[in-house]
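Structure first, commentary second.
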Amino acid sequence: MMDLSDLRMFTGDGSAEFLTPALFRAGFANQPTSVHAADGLRLDDLYITAVVHCAPPANRPLPQEIVRCHPYFLTHLANMPRLQVIVALGQIAFSGVLHALRAQGYDLPSPMPRFSHGGVTSLPGLTLLASYHPSRQNTQTGRLTSAMLDAVFLQARRLLD
């Protein structure tokens with residue numbers, strides 16, 4: 001089993017500036033900031049990973065990059081035996097999670113769920129929540145607001161409690 005404790009995503013960038021306060025307000029983080037690896041941030045009942053583990057050109061991964069990273073994402077999921085809720089941040093993450101769940105043997109609904117902010121997909125023992133990605137493009141244009149992101153993470157907290 002791989003050690004998941006040292007992995008950090010969204011540290012010191014615009015997404016972290018928007019995401020970490022929402023995690024804090026929902027009780028998943030001990031502080032509202034994430035600026036560097038030794039900043040004291042601790043996540044509780046939450047693990048953050050990505051479908052694509054690289055920063056692609058123009059922040060838009062190519063299909064082959066998603067395929068190349070798929071085995072790594074499957075490994076992350078396999079190392080979380082008590083997984084109950086997944087929050088997919090963005091369309092790419094949502095599609096990647098569904099693809100990974102199918103690969104792990106989950107019986108997915110037909111037709112396949114479609115991405116929509118605030119969307120909920122209930123599966124046996126697991127709930128998939130969808131949110132717009134907290135990128136600057138989404139947050140600075142108002143496509144994703146703090147209240148919208150809070151609603152998703154508060155729902156995740158309720159599902160876990």
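Following the order of the structure tokens, first chain is A, next is B, and so on, with residues numbered from 1 inside each chain and ligands from 1 in the order they appear.
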Could you build a table of the residues in range 118-152 of chain A lying no more than 12 Å from range 65-86 of chain A, giving for each the nearest pair of atoms and their separation in Å rounded to one decimal place, using only C-alpha atoms, ordered by chain and ascending residue number, as CSV?
```
residue,atom,partner,partner_atom,distance
A:Gly119,CA,A:Ile86,CA,11.7
A:Val120,CA,A:Ile86,CA,10.0
A:Thr121,CA,A:Ile86,CA,9.8
A:Ser122,CA,A:Val85,CA,9.4
A:Leu123,CA,A:Gln84,CA,9.8
A:Pro124,CA,A:Gln84,CA,9.5
A:Gly125,CA,A:Gln84,CA,6.2
A:Leu126,CA,A:Gln84,CA,4.7
A:Thr127,CA,A:Val85,CA,4.8
A:Leu128,CA,A:Ile86,CA,4.8
A:Leu129,CA,A:Ile86,CA,6.1
A:Ala130,CA,A:Ile86,CA,8.4
A:Ser131,CA,A:Ile86,CA,10.6
A:Val152,CA,A:Ile86,CA,10.7
```
Legend entry - Filtered DSSP result for chain A, state strand (DSSP E), as a count of residues only: 15
Legend entry - Non-local contacts of Ser95 in chain A (10 Å; only C-alpha atoms; under 2 positions in same chain excluded) as number ranges by chain: A: 51, 88, 90-93, 97-101, 112-115
Would you save the residues of that selection, restricted to N, CA and C atoms, as a tab-separated table (two decimals), in the first residue's frame?
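And here's selection.tsv as it stands now:
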```
chain	number	residue	atom	x	y	z
A	51	VAL	N	-7.02	13.13	-11.38
A	51	VAL	CA	-7.12	12.18	-12.48
A	51	VAL	C	-5.88	12.30	-13.35
A	88	ALA	N	-15.71	15.35	-7.27
A	88	ALA	CA	-14.97	15.54	-8.52
A	88	ALA	C	-14.97	17.02	-8.87
A	90	GLY	N	-14.55	19.36	-11.44
A	90	GLY	CA	-14.51	19.60	-12.88
A	90	GLY	C	-14.95	18.41	-13.70
A	91	GLN	N	-15.25	18.70	-14.95
A	91	GLN	CA	-15.73	17.70	-15.91
A	91	GLN	C	-14.72	16.59	-16.14
A	92	ILE	N	-13.44	16.94	-16.26
A	92	ILE	CA	-12.42	15.93	-16.51
A	92	ILE	C	-12.32	14.97	-15.33
A	93	ALA	N	-12.34	15.51	-14.12
A	93	ALA	CA	-12.29	14.66	-12.93
A	93	ALA	C	-13.53	13.78	-12.84
A	97	VAL	N	-13.34	9.81	-12.81
A	97	VAL	CA	-13.81	9.01	-11.68
A	97	VAL	C	-14.77	7.93	-12.16
A	98	LEU	N	-15.71	8.30	-13.02
A	98	LEU	CA	-16.65	7.29	-13.54
A	98	LEU	C	-15.91	6.18	-14.27
A	99	HIS	N	-14.93	6.54	-15.08
A	99	HIS	CA	-14.13	5.56	-15.81
A	99	HIS	C	-13.40	4.63	-14.82
A	100	ALA	N	-12.83	5.21	-13.78
A	100	ALA	CA	-12.10	4.42	-12.78
A	100	ALA	C	-13.04	3.51	-11.99
A	101	LEU	N	-14.21	4.02	-11.64
A	101	LEU	CA	-15.17	3.20	-10.90
A	101	LEU	C	-15.63	2.01	-11.73
A	112	MET	N	-25.13	6.92	-18.55
A	112	MET	CA	-24.08	7.40	-17.64
A	112	MET	C	-24.46	8.77	-17.10
A	113	PRO	N	-24.14	9.01	-15.83
A	113	PRO	CA	-24.42	10.34	-15.26
A	113	PRO	C	-23.68	11.42	-16.05
A	114	ARG	N	-24.30	12.57	-16.14
A	114	ARG	CA	-23.70	13.72	-16.83
A	114	ARG	C	-23.20	14.70	-15.78
A	115	PHE	N	-22.11	15.38	-16.11
A	115	PHE	CA	-21.55	16.36	-15.20
A	115	PHE	C	-22.46	17.57	-15.08
```
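When only C-alpha atoms are used to compute distances to Pro134 in chain A, the closest of the residues A:Cys54, A:Val87, A:Ala16, A:Ala26 turns out to be A:Ala16.
The smallest atom-to-atom distance between Glu17 in chain A and any of A:Ala156, A:Ala151, A:Val52, A:Val35, using only C-alpha atoms, is found for A:Val35.
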Legend entry - For Ser15 in chain A: contacts at 10 Å, only C-alpha atoms, fewer than 5 positions along chain excluded, given as a PyMOL selection string: chain A and resi 9-10+20+34+133-139
Legend entry - alpha helix (DSSP H) residues, from DSSP on the backbone, in chain A, as a count of residues only: 61
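Among the candidates A:Leu89, A:Leu46, A:Leu23, A:Gly96, the one nearest to Pro63 in chain A when counting only C-alpha atoms is A:Gly96.
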Inset, instruction - Select, from A:Leu108, A:Gln64, A:Ala37, A:Leu43, the residue with the minimum atom-to-atom distance to Pro21 in chain A, counting only C-alpha atoms. - result: A:Leu43
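In this comparison, which uses only C-alpha atoms, the residue of A:Leu159, A:Leu149, A:Ala29, A:Ala38 approaching His117 in chain A most closely is A:Leu149.
Note that CA of Phe94 in chain A and CA of Ser146 in chain A are 19.9 Å apart.
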